[in-house]
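So this block is structure.cif, mmCIF, C-alpha atoms, pLDDT in the B column; chains and numbers go by the auth columns:
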```cif
data_query
loop_
_atom_site.group_PDB
_atom_site.id
_atom_site.type_symbol
_atom_site.label_atom_id
_atom_site.label_comp_id
_atom_site.label_asym_id
_atom_site.label_seq_id
_atom_site.Cartn_x
_atom_site.Cartn_y
_atom_site.Cartn_z
_atom_site.B_iso_or_equiv
_atom_site.auth_seq_id
_atom_site.auth_asym_id
ATOM 1 C CA MET A 1 0.000 0.000 0.000 87.00 53 A
ATOM 2 C CA ILE A 2 1.196 3.520 -0.871 92.00 54 A
ATOM 3 C CA THR A 3 0.060 6.355 1.379 96.00 55 A
ATOM 4 C CA ALA A 4 -0.618 9.840 0.047 97.00 56 A
ATOM 5 C CA LEU A 5 -1.459 13.391 1.078 97.00 57 A
ATOM 6 C CA LEU A 6 -3.323 15.976 -1.024 98.00 58 A
ATOM 7 C CA ILE A 7 -2.375 19.642 -0.573 98.00 59 A
ATOM 8 C CA ASP A 8 -4.459 22.054 -2.651 96.00 60 A
ATOM 9 C CA ASP A 9 -6.495 25.108 -1.674 95.00 61 A
ATOM 10 C CA ASP A 10 -9.311 24.162 -4.073 93.00 62 A
ATOM 11 C CA ALA A 11 -11.668 21.555 -2.573 95.00 63 A
ATOM 12 C CA ASN A 12 -13.064 20.717 -6.024 94.00 64 A
ATOM 13 C CA LEU A 13 -9.597 19.889 -7.328 92.00 65 A
ATOM 14 C CA ARG A 14 -8.838 17.757 -4.265 95.00 66 A
ATOM 15 C CA ASN A 15 -12.074 15.850 -4.834 95.00 67 A
ATOM 16 C CA GLY A 16 -11.198 15.458 -8.498 94.00 68 A
ATOM 17 C CA MET A 17 -7.781 14.034 -7.619 95.00 69 A
ATOM 18 C CA LYS A 18 -9.366 11.621 -5.151 96.00 70 A
ATOM 19 C CA GLY A 19 -11.665 10.389 -7.895 96.00 71 A
ATOM 20 C CA LEU A 20 -8.800 9.947 -10.379 95.00 72 A
ATOM 21 C CA LEU A 21 -6.622 8.136 -7.835 95.00 73 A
ATOM 22 C CA ALA A 22 -9.502 5.834 -6.869 95.00 74 A
ATOM 23 C CA MET A 23 -9.956 4.956 -10.548 94.00 75 A
ATOM 24 C CA TYR A 24 -6.357 4.711 -11.744 91.00 76 A
ATOM 25 C CA ALA A 25 -4.404 3.949 -8.564 91.00 77 A
ATOM 26 C CA PRO A 26 -6.582 1.973 -6.136 93.00 78 A
ATOM 27 C CA ASP A 27 -3.449 0.857 -4.253 91.00 79 A
ATOM 28 C CA ILE A 28 -2.828 4.458 -3.129 94.00 80 A
ATOM 29 C CA THR A 29 -4.497 5.346 0.162 96.00 81 A
ATOM 30 C CA ILE A 30 -5.133 9.031 0.887 97.00 82 A
ATOM 31 C CA LEU A 31 -4.383 9.648 4.550 97.00 83 A
ATOM 32 C CA GLY A 32 -5.327 13.311 4.661 97.00 84 A
ATOM 33 C CA GLU A 33 -5.746 16.673 2.966 97.00 85 A
ATOM 34 C CA ALA A 34 -4.598 20.256 3.512 97.00 86 A
ATOM 35 C CA ASP A 35 -5.381 23.606 1.892 96.00 87 A
ATOM 36 C CA SER A 36 -2.593 25.904 3.137 96.00 88 A
ATOM 37 C CA VAL A 37 1.127 26.131 3.799 96.00 89 A
ATOM 38 C CA LYS A 38 0.719 25.802 7.565 95.00 90 A
ATOM 39 C CA GLY A 39 -1.850 23.025 7.250 97.00 91 A
ATOM 40 C CA GLY A 40 0.330 21.228 4.719 96.00 92 A
ATOM 41 C CA ILE A 41 3.378 21.232 7.007 96.00 93 A
ATOM 42 C CA ASN A 42 1.303 19.950 9.923 96.00 94 A
ATOM 43 C CA ALA A 43 -0.249 17.233 7.750 96.00 95 A
ATOM 44 C CA ILE A 44 3.146 16.044 6.497 96.00 96 A
ATOM 45 C CA GLU A 45 4.437 15.822 10.090 95.00 97 A
ATOM 46 C CA THR A 46 1.288 13.988 11.202 96.00 98 A
ATOM 47 C CA TYR A 47 0.851 11.476 8.384 96.00 99 A
ATOM 48 C CA LYS A 48 4.402 11.041 7.026 94.00 100 A
ATOM 49 C CA PRO A 49 3.005 9.948 3.632 95.00 101 A
ATOM 50 C CA ASP A 50 4.887 8.102 0.922 94.00 102 A
ATOM 51 C CA VAL A 51 3.660 10.608 -1.676 95.00 103 A
ATOM 52 C CA ILE A 52 2.525 14.233 -1.555 96.00 104 A
ATOM 53 C CA PHE A 53 0.397 15.661 -4.362 97.00 105 A
ATOM 54 C CA LEU A 54 1.274 19.334 -3.964 96.00 106 A
ATOM 55 C CA ASP A 55 -0.302 22.340 -5.633 95.00 107 A
ATOM 56 C CA ILE A 56 2.096 25.227 -6.344 92.00 108 A
ATOM 57 C CA GLN A 57 -0.255 28.134 -5.634 91.00 109 A
ATOM 58 C CA LEU A 58 -1.884 28.105 -2.202 93.00 110 A
ATOM 59 C CA GLY A 59 -3.890 30.816 -0.464 90.00 111 A
ATOM 60 C CA ASP A 60 -1.160 31.665 2.050 93.00 112 A
ATOM 61 C CA GLY A 61 1.924 30.931 -0.059 93.00 113 A
ATOM 62 C CA THR A 62 3.268 28.241 -2.379 93.00 114 A
ATOM 63 C CA GLY A 63 4.104 24.573 -2.384 93.00 115 A
ATOM 64 C CA PHE A 64 7.759 25.590 -2.463 93.00 116 A
ATOM 65 C CA ASP A 65 7.228 27.419 0.843 94.00 117 A
ATOM 66 C CA ILE A 66 6.028 24.137 2.348 95.00 118 A
ATOM 67 C CA LEU A 67 9.187 22.319 1.250 92.00 119 A
ATOM 68 C CA GLU A 68 11.513 25.047 2.509 91.00 120 A
ATOM 69 C CA GLN A 69 9.749 25.590 5.835 93.00 121 A
ATOM 70 C CA PHE A 70 9.440 21.864 6.466 92.00 122 A
ATOM 71 C CA ALA A 71 13.172 21.405 5.787 87.00 123 A
ATOM 72 C CA LYS A 72 14.057 24.155 8.269 88.00 124 A
ATOM 73 C CA LYS A 73 11.704 22.753 10.887 87.00 125 A
ATOM 74 C CA SER A 74 12.057 18.997 10.518 83.00 126 A
ATOM 75 C CA GLY A 75 14.927 18.299 8.115 80.00 127 A
ATOM 76 C CA ARG A 76 14.874 16.926 4.581 78.00 128 A
ATOM 77 C CA LEU A 77 11.519 15.678 3.343 85.00 129 A
ATOM 78 C CA SER A 78 11.347 11.895 2.949 85.00 130 A
ATOM 79 C CA SER A 79 8.155 11.800 0.850 90.00 131 A
ATOM 80 C CA HIS A 80 8.008 11.674 -2.928 90.00 132 A
ATOM 81 C CA VAL A 81 6.522 14.925 -4.270 94.00 133 A
ATOM 82 C CA VAL A 82 4.285 15.291 -7.320 95.00 134 A
ATOM 83 C CA PHE A 83 3.579 18.934 -8.131 95.00 135 A
ATOM 84 C CA ILE A 84 0.225 19.950 -9.557 93.00 136 A
ATOM 85 C CA THR A 85 0.255 23.218 -11.467 90.00 137 A
ATOM 86 C CA ALA A 86 -1.203 25.365 -14.172 84.00 138 A
ATOM 87 C CA HIS A 87 1.269 25.743 -17.044 70.00 139 A
ATOM 88 C CA GLU A 88 3.871 27.976 -15.414 73.00 140 A
ATOM 89 C CA GLN A 89 6.851 27.879 -17.778 77.00 141 A
ATOM 90 C CA PHE A 90 9.606 28.609 -15.269 80.00 142 A
ATOM 91 C CA ALA A 91 8.316 26.130 -12.675 86.00 143 A
ATOM 92 C CA VAL A 92 7.861 23.350 -15.235 89.00 144 A
ATOM 93 C CA LYS A 93 11.391 23.928 -16.528 89.00 145 A
ATOM 94 C CA ALA A 94 12.699 23.748 -12.958 90.00 146 A
ATOM 95 C CA PHE A 95 10.827 20.479 -12.394 91.00 147 A
ATOM 96 C CA ARG A 96 12.352 18.964 -15.512 91.00 148 A
ATOM 97 C CA PHE A 97 15.901 20.000 -14.604 91.00 149 A
ATOM 98 C CA SER A 98 15.335 18.549 -11.121 90.00 150 A
ATOM 99 C CA ALA A 99 13.866 15.226 -12.359 85.00 151 A
ATOM 100 C CA LEU A 100 10.718 15.887 -10.327 90.00 152 A
ATOM 101 C CA ASP A 101 7.253 14.757 -11.299 91.00 153 A
ATOM 102 C CA TYR A 102 4.499 17.209 -12.107 94.00 154 A
ATOM 103 C CA LEU A 103 0.950 17.173 -13.417 94.00 155 A
ATOM 104 C CA LEU A 104 -0.633 20.028 -15.350 93.00 156 A
ATOM 105 C CA LYS A 105 -4.160 21.185 -14.592 90.00 157 A
ATOM 106 C CA PRO A 106 -6.578 19.843 -15.610 91.00 158 A
ATOM 107 C CA VAL A 107 -4.961 16.526 -14.724 92.00 159 A
ATOM 108 C CA ASP A 108 -4.816 14.111 -17.637 93.00 160 A
ATOM 109 C CA PRO A 109 -5.558 10.496 -16.577 93.00 161 A
ATOM 110 C CA GLU A 110 -2.846 9.077 -18.858 93.00 162 A
ATOM 111 C CA GLU A 111 -0.225 11.445 -17.409 94.00 163 A
ATOM 112 C CA LEU A 112 -1.371 10.498 -13.916 93.00 164 A
ATOM 113 C CA ARG A 113 -0.982 6.811 -14.768 92.00 165 A
ATOM 114 C CA LYS A 114 2.610 7.415 -15.941 91.00 166 A
ATOM 115 C CA VAL A 115 3.440 9.328 -12.766 92.00 167 A
ATOM 116 C CA ILE A 116 1.965 6.567 -10.602 92.00 168 A
ATOM 117 C CA GLU A 117 4.158 3.967 -12.317 89.00 169 A
ATOM 118 C CA LYS A 118 7.208 6.134 -11.730 85.00 170 A
ATOM 119 C CA ILE A 119 6.266 6.675 -8.072 85.00 171 A
ATOM 120 C CA LYS A 120 6.254 2.932 -7.492 85.00 172 A
ATOM 121 C CA LYS A 121 9.754 2.606 -8.960 79.00 173 A
ATOM 122 C CA VAL A 122 11.088 5.575 -6.986 76.00 174 A
ATOM 123 C CA LEU A 123 9.725 4.266 -3.695 78.00 175 A
ATOM 124 C CA THR A 124 11.347 0.917 -4.421 74.00 176 A
ATOM 125 C CA ASN A 125 14.710 2.607 -5.066 66.00 177 A
ATOM 126 C CA ASN A 126 14.467 4.628 -1.836 60.00 178 A
ATOM 127 C CA ASP A 127 15.942 7.763 -3.447 59.00 179 A
ATOM 128 C CA SER A 128 17.746 10.387 -1.369 55.00 180 A
ATOM 129 C CA TYR A 129 15.551 13.299 -2.603 65.00 181 A
ATOM 130 C CA ALA A 130 18.591 15.510 -3.184 69.00 182 A
ATOM 131 C CA HIS A 131 16.806 16.691 -6.337 78.00 183 A
ATOM 132 C CA ILE A 132 14.283 18.542 -4.151 85.00 184 A
ATOM 133 C CA ASP A 133 17.185 20.631 -2.852 83.00 185 A
ATOM 134 C CA LEU A 134 18.159 21.311 -6.477 85.00 186 A
ATOM 135 C CA LEU A 135 14.604 22.404 -7.271 88.00 187 A
ATOM 136 C CA LEU A 136 14.507 24.839 -4.352 85.00 188 A
ATOM 137 C CA GLU A 137 17.922 26.171 -5.350 82.00 189 A
ATOM 138 C CA ASN A 138 16.667 26.882 -8.870 80.00 190 A
ATOM 139 C CA ILE A 139 13.344 28.331 -7.731 81.00 191 A
ATOM 140 C CA ARG A 140 15.042 30.701 -5.266 75.00 192 A
ATOM 141 C CA LYS A 141 17.544 31.986 -7.825 71.00 193 A
ATOM 142 C CA LYS A 142 15.008 32.280 -10.672 70.00 194 A
ATOM 143 C CA VAL A 143 17.821 32.174 -13.211 65.00 195 A
ATOM 144 C CA ASP A 144 17.268 31.662 -16.935 66.00 196 A
ATOM 145 C CA LYS A 145 19.961 29.008 -17.208 78.00 197 A
ATOM 146 C CA PHE A 146 20.101 26.232 -14.634 89.00 198 A
ATOM 147 C CA LYS A 147 23.630 25.179 -13.703 92.00 199 A
ATOM 148 C CA ARG A 148 22.844 21.656 -12.516 93.00 200 A
ATOM 149 C CA ILE A 149 20.590 18.872 -13.744 95.00 201 A
ATOM 150 C CA ALA A 150 19.218 15.796 -11.979 94.00 202 A
ATOM 151 C CA LEU A 151 19.256 12.534 -13.944 94.00 203 A
ATOM 152 C CA SER A 152 17.045 9.699 -12.789 88.00 204 A
ATOM 153 C CA THR A 153 18.578 6.278 -13.494 87.00 205 A
ATOM 154 C CA SER A 154 17.628 2.735 -12.541 80.00 206 A
ATOM 155 C CA ASP A 155 19.775 2.975 -9.397 81.00 207 A
ATOM 156 C CA GLY A 156 18.745 6.442 -8.193 82.00 208 A
ATOM 157 C CA ILE A 157 18.958 10.157 -8.918 86.00 209 A
ATOM 158 C CA HIS A 158 22.288 11.811 -9.684 91.00 210 A
ATOM 159 C CA LEU A 159 23.134 15.517 -9.939 94.00 211 A
ATOM 160 C CA PHE A 160 25.529 16.847 -12.587 96.00 212 A
ATOM 161 C CA GLU A 161 26.822 20.235 -13.696 96.00 213 A
ATOM 162 C CA VAL A 162 25.273 21.078 -17.054 97.00 214 A
ATOM 163 C CA SER A 163 28.663 22.467 -18.120 97.00 215 A
ATOM 164 C CA ASP A 164 30.207 19.004 -17.636 98.00 216 A
ATOM 165 C CA ILE A 165 27.912 17.331 -20.179 98.00 217 A
ATOM 166 C CA ILE A 166 29.910 16.728 -23.363 98.00 218 A
ATOM 167 C CA ARG A 167 27.221 15.173 -25.524 98.00 219 A
ATOM 168 C CA LEU A 168 24.001 13.158 -25.533 98.00 220 A
ATOM 169 C CA GLU A 169 23.322 10.145 -27.719 98.00 221 A
ATOM 170 C CA SER A 170 19.948 8.678 -28.640 98.00 222 A
ATOM 171 C CA GLN A 171 19.405 4.956 -28.132 95.00 223 A
ATOM 172 C CA ASP A 172 15.819 4.194 -29.141 89.00 224 A
ATOM 173 C CA ASN A 173 13.657 5.692 -26.361 91.00 225 A
ATOM 174 C CA TYR A 174 16.680 6.174 -24.100 96.00 226 A
ATOM 175 C CA THR A 175 19.368 8.853 -23.957 98.00 227 A
ATOM 176 C CA ARG A 176 22.998 8.208 -23.064 98.00 228 A
ATOM 177 C CA PHE A 177 24.789 11.121 -21.401 98.00 229 A
ATOM 178 C CA HIS A 178 28.539 11.442 -21.937 98.00 230 A
ATOM 179 C CA ILE A 179 29.850 13.504 -19.027 98.00 231 A
ATOM 180 C CA LYS A 180 33.300 14.876 -18.259 97.00 232 A
ATOM 181 C CA ASP A 181 35.261 12.613 -15.863 96.00 233 A
ATOM 182 C CA HIS A 182 32.294 10.268 -15.429 96.00 234 A
ATOM 183 C CA LYS A 183 31.105 7.044 -16.995 96.00 235 A
ATOM 184 C CA PRO A 184 28.156 7.313 -19.444 96.00 236 A
ATOM 185 C CA VAL A 185 24.706 7.596 -17.864 97.00 237 A
ATOM 186 C CA LEU A 186 21.653 6.003 -19.509 96.00 238 A
ATOM 187 C CA ILE A 187 18.293 7.747 -18.971 95.00 239 A
ATOM 188 C CA ALA A 188 14.838 6.424 -19.885 92.00 240 A
ATOM 189 C CA LYS A 189 13.835 9.561 -21.808 93.00 241 A
ATOM 190 C CA THR A 190 14.098 10.512 -25.467 96.00 242 A
ATOM 191 C CA LEU A 191 16.782 12.789 -26.871 97.00 243 A
ATOM 192 C CA LYS A 192 14.042 15.191 -28.010 96.00 244 A
ATOM 193 C CA GLU A 193 13.075 15.854 -24.380 94.00 245 A
ATOM 194 C CA TYR A 194 16.619 16.894 -23.540 97.00 246 A
ATOM 195 C CA GLU A 195 16.983 18.886 -26.746 96.00 247 A
ATOM 196 C CA ASP A 196 14.023 21.002 -25.600 92.00 248 A
ATOM 197 C CA LEU A 197 15.570 21.378 -22.159 93.00 249 A
ATOM 198 C CA LEU A 198 19.168 22.156 -23.145 96.00 250 A
ATOM 199 C CA SER A 199 18.857 24.068 -26.422 92.00 251 A
ATOM 200 C CA GLU A 200 19.210 27.396 -24.564 90.00 252 A
ATOM 201 C CA GLN A 201 22.266 26.125 -22.702 93.00 253 A
ATOM 202 C CA GLY A 202 24.649 25.944 -25.674 92.00 254 A
ATOM 203 C CA PHE A 203 23.604 22.482 -26.907 96.00 255 A
ATOM 204 C CA GLU A 204 22.953 21.790 -30.586 96.00 256 A
ATOM 205 C CA ARG A 205 21.240 18.832 -32.294 96.00 257 A
ATOM 206 C CA ILE A 206 23.598 17.905 -35.143 96.00 258 A
ATOM 207 C CA HIS A 207 22.034 14.586 -36.079 96.00 259 A
ATOM 208 C CA GLN A 208 18.976 12.486 -35.343 95.00 260 A
ATOM 209 C CA SER A 209 21.047 10.602 -32.754 97.00 261 A
ATOM 210 C CA HIS A 210 23.348 13.320 -31.382 98.00 262 A
ATOM 211 C CA LEU A 211 22.992 16.442 -29.251 98.00 263 A
ATOM 212 C CA ILE A 212 26.291 18.153 -28.449 97.00 264 A
ATOM 213 C CA ASN A 213 27.580 20.781 -26.060 97.00 265 A
ATOM 214 C CA LEU A 214 29.238 23.288 -28.389 95.00 266 A
ATOM 215 C CA ALA A 215 31.784 24.099 -25.676 95.00 267 A
ATOM 216 C CA TYR A 216 33.282 20.622 -26.257 96.00 268 A
ATOM 217 C CA LEU A 217 33.307 20.722 -30.059 94.00 269 A
ATOM 218 C CA LYS A 218 36.946 20.462 -31.231 92.00 270 A
ATOM 219 C CA SER A 219 36.594 20.350 -35.008 89.00 271 A
ATOM 220 C CA TYR A 220 34.157 20.243 -37.891 89.00 272 A
ATOM 221 C CA ILE A 221 35.615 17.987 -40.583 89.00 273 A
ATOM 222 C CA LYS A 222 34.077 18.406 -44.045 85.00 274 A
ATOM 223 C CA LYS A 223 35.445 15.235 -45.661 84.00 275 A
ATOM 224 C CA ASP A 224 33.716 11.816 -45.533 79.00 276 A
ATOM 225 C CA GLY A 225 30.304 13.444 -45.532 81.00 277 A
ATOM 226 C CA GLY A 226 31.108 15.783 -42.662 86.00 278 A
ATOM 227 C CA TYR A 227 31.500 14.964 -38.994 92.00 279 A
ATOM 228 C CA ALA A 228 32.140 16.631 -35.627 94.00 280 A
ATOM 229 C CA VAL A 229 35.134 15.803 -33.435 95.00 281 A
ATOM 230 C CA MET A 230 34.353 16.194 -29.746 96.00 282 A
ATOM 231 C CA ALA A 231 36.588 16.703 -26.702 96.00 283 A
ATOM 232 C CA ASP A 232 36.124 13.036 -25.754 97.00 284 A
ATOM 233 C CA ASN A 233 37.608 12.136 -29.185 96.00 285 A
ATOM 234 C CA SER A 234 34.310 10.867 -30.539 97.00 286 A
ATOM 235 C CA ASN A 235 33.554 11.451 -34.227 97.00 287 A
ATOM 236 C CA LEU A 236 29.869 12.213 -34.745 96.00 288 A
ATOM 237 C CA PRO A 237 27.999 12.358 -38.052 95.00 289 A
ATOM 238 C CA ILE A 238 26.274 15.608 -39.019 94.00 290 A
ATOM 239 C CA SER A 239 22.983 15.456 -40.889 92.00 291 A
ATOM 240 C CA GLN A 240 22.843 17.292 -44.207 89.00 292 A
ATOM 241 C CA ARG A 241 20.322 19.878 -43.033 86.00 293 A
ATOM 242 C CA LYS A 242 22.395 20.667 -39.930 87.00 294 A
ATOM 243 C CA LYS A 243 25.723 21.374 -41.666 86.00 295 A
ATOM 244 C CA GLU A 244 24.977 24.976 -42.632 83.00 296 A
ATOM 245 C CA ARG A 245 23.582 25.726 -39.157 84.00 297 A
ATOM 246 C CA LEU A 246 26.694 24.270 -37.497 84.00 298 A
ATOM 247 C CA GLN A 247 29.040 26.276 -39.733 81.00 299 A
ATOM 248 C CA GLU A 248 27.159 29.470 -38.811 81.00 300 A
ATOM 249 C CA LEU A 249 27.459 28.644 -35.126 79.00 301 A
ATOM 250 C CA LEU A 250 31.183 27.987 -35.429 77.00 302 A
ATOM 251 C CA LYS A 251 31.726 31.402 -37.015 75.00 303 A
ATOM 252 C CA SER A 252 29.969 33.066 -34.080 74.00 304 A
ATOM 253 C CA LEU A 253 31.931 31.187 -31.396 66.00 305 A
#
```
Starting from the coordinates I provided, produce the structure as structure tokens.
Amino acid sequence: MITALLIDDDANLRNGMKGLLAMYAPDITILGEADSVKGGINAIETYKPDVIFLDIQLGDGTGFDILEQFAKKSGRLSSHVVFITAHEQFAVKAFRFSALDYLLKPVDPEELRKVIEKIKKVLTNNDSYAHIDLLLENIRKKVDKFKRIALSTSDGIHLFEVSDIIRLESQDNYTRFHIKDHKPVLIAKTLKEYEDLLSEQGFERIHQSHLINLAYLKSYIKKDGGYAVMADNSNLPISQRKKERLQELLKSL
């Protein structure tokens, strides 16, 4: 049995979530509800749930306030957090960089089902929740470019400097990260998802299978169809439609 807590200042949305969970996740038991920052902190301390479904905007503050105030009062949170939010671009980007789960309002049943499956895996792995600290760090700074990224693997969640990522390689529905002074890391997400996330961080898609950090590009070789030589001495093919774009980027570097 998985225990859960609902924190949302809208009673209708809490009731809607209860209905969705009853339908799509009958093995999740809701221990309690809260509608404010203060009430949420008290409920977490009382119930100690496995999972918290946490709305961002509350009447007396935000879901982030709950995480920060709880950490100061009781130490690091040991519950898995699923944020529920309207489409707030900065917050969603922060969630993705922090490898945290979120649901957009109105909650889509299929997205909820995916999150539930992930919750079960995370609880089995007994993750350290260091990525919550990364989220709060990013939310507090409100910077355009996040310096660190959390990668969720089969054995847990790992934090890396974005500037240490040399390149990313597509492997079917997985992405292999090649990171400076670290062994490759395989993530169960598509390369397209990381292209969207890292395109503003100096990363360029040069091929269907390759996304590179331009800071680690050593050479662009025109012979043999054209390929990129990276700092890790890998030679990567460049798709025909990307060659002109890459040459333009190299001129501006």
Once the PyMOL selection byres ((chain A and resi 126-137) around 8) has been applied to the shown file, what residues remain in the selection, as a PDB file with C-alpha atoms, keeping the file's coordinate frame?
```pdb
ATOM      1  CA  LYS A 100       4.402  11.041   7.026  1.00 94.00           C
ATOM      2  CA  PRO A 101       3.005   9.948   3.632  1.00 95.00           C
ATOM      3  CA  ASP A 102       4.887   8.102   0.922  1.00 94.00           C
ATOM      4  CA  VAL A 103       3.660  10.608  -1.676  1.00 95.00           C
ATOM      5  CA  ILE A 104       2.525  14.233  -1.555  1.00 96.00           C
ATOM      6  CA  PHE A 105       0.397  15.661  -4.362  1.00 97.00           C
ATOM      7  CA  LEU A 106       1.274  19.334  -3.964  1.00 96.00           C
ATOM      8  CA  ASP A 107      -0.302  22.340  -5.633  1.00 95.00           C
ATOM      9  CA  ILE A 108       2.096  25.227  -6.344  1.00 92.00           C
ATOM     10  CA  GLN A 109      -0.255  28.134  -5.634  1.00 91.00           C
ATOM     11  CA  LEU A 119       9.187  22.319   1.250  1.00 92.00           C
ATOM     12  CA  PHE A 122       9.440  21.864   6.466  1.00 92.00           C
ATOM     13  CA  ALA A 123      13.172  21.405   5.787  1.00 87.00           C
ATOM     14  CA  LYS A 124      14.057  24.155   8.269  1.00 88.00           C
ATOM     15  CA  LYS A 125      11.704  22.753  10.887  1.00 87.00           C
ATOM     16  CA  ALA A 138      -1.203  25.365 -14.172  1.00 84.00           C
ATOM     17  CA  HIS A 139       1.269  25.743 -17.044  1.00 70.00           C
ATOM     18  CA  GLU A 140       3.871  27.976 -15.414  1.00 73.00           C
ATOM     19  CA  LEU A 152      10.718  15.887 -10.327  1.00 90.00           C
ATOM     20  CA  ASP A 153       7.253  14.757 -11.299  1.00 91.00           C
ATOM     21  CA  TYR A 154       4.499  17.209 -12.107  1.00 94.00           C
ATOM     22  CA  LEU A 155       0.950  17.173 -13.417  1.00 94.00           C
ATOM     23  CA  LEU A 156      -0.633  20.028 -15.350  1.00 93.00           C
ATOM     24  CA  LYS A 157      -4.160  21.185 -14.592  1.00 90.00           C
ATOM     25  CA  ILE A 171       6.266   6.675  -8.072  1.00 85.00           C
ATOM     26  CA  VAL A 174      11.088   5.575  -6.986  1.00 76.00           C
ATOM     27  CA  LEU A 175       9.725   4.266  -3.695  1.00 78.00           C
ATOM     28  CA  SER A 180      17.746  10.387  -1.369  1.00 55.00           C
ATOM     29  CA  TYR A 181      15.551  13.299  -2.603  1.00 65.00           C
TER      30      TYR A 181
END
```
Who sits within 8 Å of A:Leu203, all atoms listed in the file, same chain under 6 positions skipped, as a list in words |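 My reading of the contact set: Ser150, Ala151, Ile209, His210, Leu211, Phe212 and Ile239 of chain A.
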What is the atom CA of A:Ala56-atom CA of A:Leu83 distance in Å, reported with one decimal?
-> 5.9 Å
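Here atom CA of A:Leu288 stands at a distance of 7.4 Å from atom CA of A:His262.
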For A:Glu245, please output as a tab-separated table (two decimals) with C-alpha atoms, in the frame of the given file all residues within 10 Å (counting all atoms listed in the file; exclusion window: fewer than 5 positions along the same chain).
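The result, written out as out_10.tsv:
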```tsv
chain	number	residue	atom	x	y	z
A	148	ARG	CA	12.35	18.96	-15.51
A	227	THR	CA	19.37	8.85	-23.96
A	250	LEU	CA	19.17	22.16	-23.14
```
In the coordinate frame of the file, compute which residues have an atom within 12 Å of (15.5, 23.2, -19.1) when using all atoms listed in the file, and state them as a PyMOL selection string.
-> chain A and resi 141-151+187+190+195-202+214+245-255
Selection from above, C-alpha atoms, as a CSV table (one decimal), in the coordinates of the input, can you write it?
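Now in result.csv:
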```csv
chain,number,residue,atom,x,y,z
A,141,GLN,CA,6.9,27.9,-17.8
A,142,PHE,CA,9.6,28.6,-15.3
A,143,ALA,CA,8.3,26.1,-12.7
A,144,VAL,CA,7.9,23.4,-15.2
A,145,LYS,CA,11.4,23.9,-16.5
A,146,ALA,CA,12.7,23.7,-13.0
A,147,PHE,CA,10.8,20.5,-12.4
A,148,ARG,CA,12.4,19.0,-15.5
A,149,PHE,CA,15.9,20.0,-14.6
A,150,SER,CA,15.3,18.5,-11.1
A,151,ALA,CA,13.9,15.2,-12.4
A,187,LEU,CA,14.6,22.4,-7.3
A,190,ASN,CA,16.7,26.9,-8.9
A,195,VAL,CA,17.8,32.2,-13.2
A,196,ASP,CA,17.3,31.7,-16.9
A,197,LYS,CA,20.0,29.0,-17.2
A,198,PHE,CA,20.1,26.2,-14.6
A,199,LYS,CA,23.6,25.2,-13.7
A,200,ARG,CA,22.8,21.7,-12.5
A,201,ILE,CA,20.6,18.9,-13.7
A,202,ALA,CA,19.2,15.8,-12.0
A,214,VAL,CA,25.3,21.1,-17.1
A,245,GLU,CA,13.1,15.9,-24.4
A,246,TYR,CA,16.6,16.9,-23.5
A,247,GLU,CA,17.0,18.9,-26.7
A,248,ASP,CA,14.0,21.0,-25.6
A,249,LEU,CA,15.6,21.4,-22.2
A,250,LEU,CA,19.2,22.2,-23.1
A,251,SER,CA,18.9,24.1,-26.4
A,252,GLU,CA,19.2,27.4,-24.6
A,253,GLN,CA,22.3,26.1,-22.7
A,254,GLY,CA,24.6,25.9,-25.7
A,255,PHE,CA,23.6,22.5,-26.9
```
Give as number ranges by chain each residue that has an atom at most 10 Å from (35.0, 23.8, -39.5) in the file, counting all atoms listed in the file.
-> A: 270-274, 278-280, 295, 298-303
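With all atoms listed in the file taken into account, the protein and nucleic acid residues at most 9 Å from A:Ile59 (excluding it and anything under 6 positions from it in its own chain) are Arg66, Gly84, Glu85, Ala86, Asp87, Ser88, Val89, Gly91, Gly92, Ala95, Ile104, Phe105, Leu106, Asp107, Leu110 and Gly115 of chain A.
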Selection from above, C-alpha atoms, as a short mmCIF file (atom, residue, chain, number, x, y, z; two decimals), keeping the file's coordinate frame, can you write it?
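Ended up saving to result-v1.cif:
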```cif
data_model
loop_
_atom_site.label_atom_id
_atom_site.label_comp_id
_atom_site.auth_asym_id
_atom_site.auth_seq_id
_atom_site.Cartn_x
_atom_site.Cartn_y
_atom_site.Cartn_z
CA ARG A 66 -8.84 17.76 -4.26
CA GLY A 84 -5.33 13.31 4.66
CA GLU A 85 -5.75 16.67 2.97
CA ALA A 86 -4.60 20.26 3.51
CA ASP A 87 -5.38 23.61 1.89
CA SER A 88 -2.59 25.90 3.14
CA VAL A 89 1.13 26.13 3.80
CA GLY A 91 -1.85 23.02 7.25
CA GLY A 92 0.33 21.23 4.72
CA ALA A 95 -0.25 17.23 7.75
CA ILE A 104 2.52 14.23 -1.56
CA PHE A 105 0.40 15.66 -4.36
CA LEU A 106 1.27 19.33 -3.96
CA ASP A 107 -0.30 22.34 -5.63
CA LEU A 110 -1.88 28.10 -2.20
CA GLY A 115 4.10 24.57 -2.38
#
```
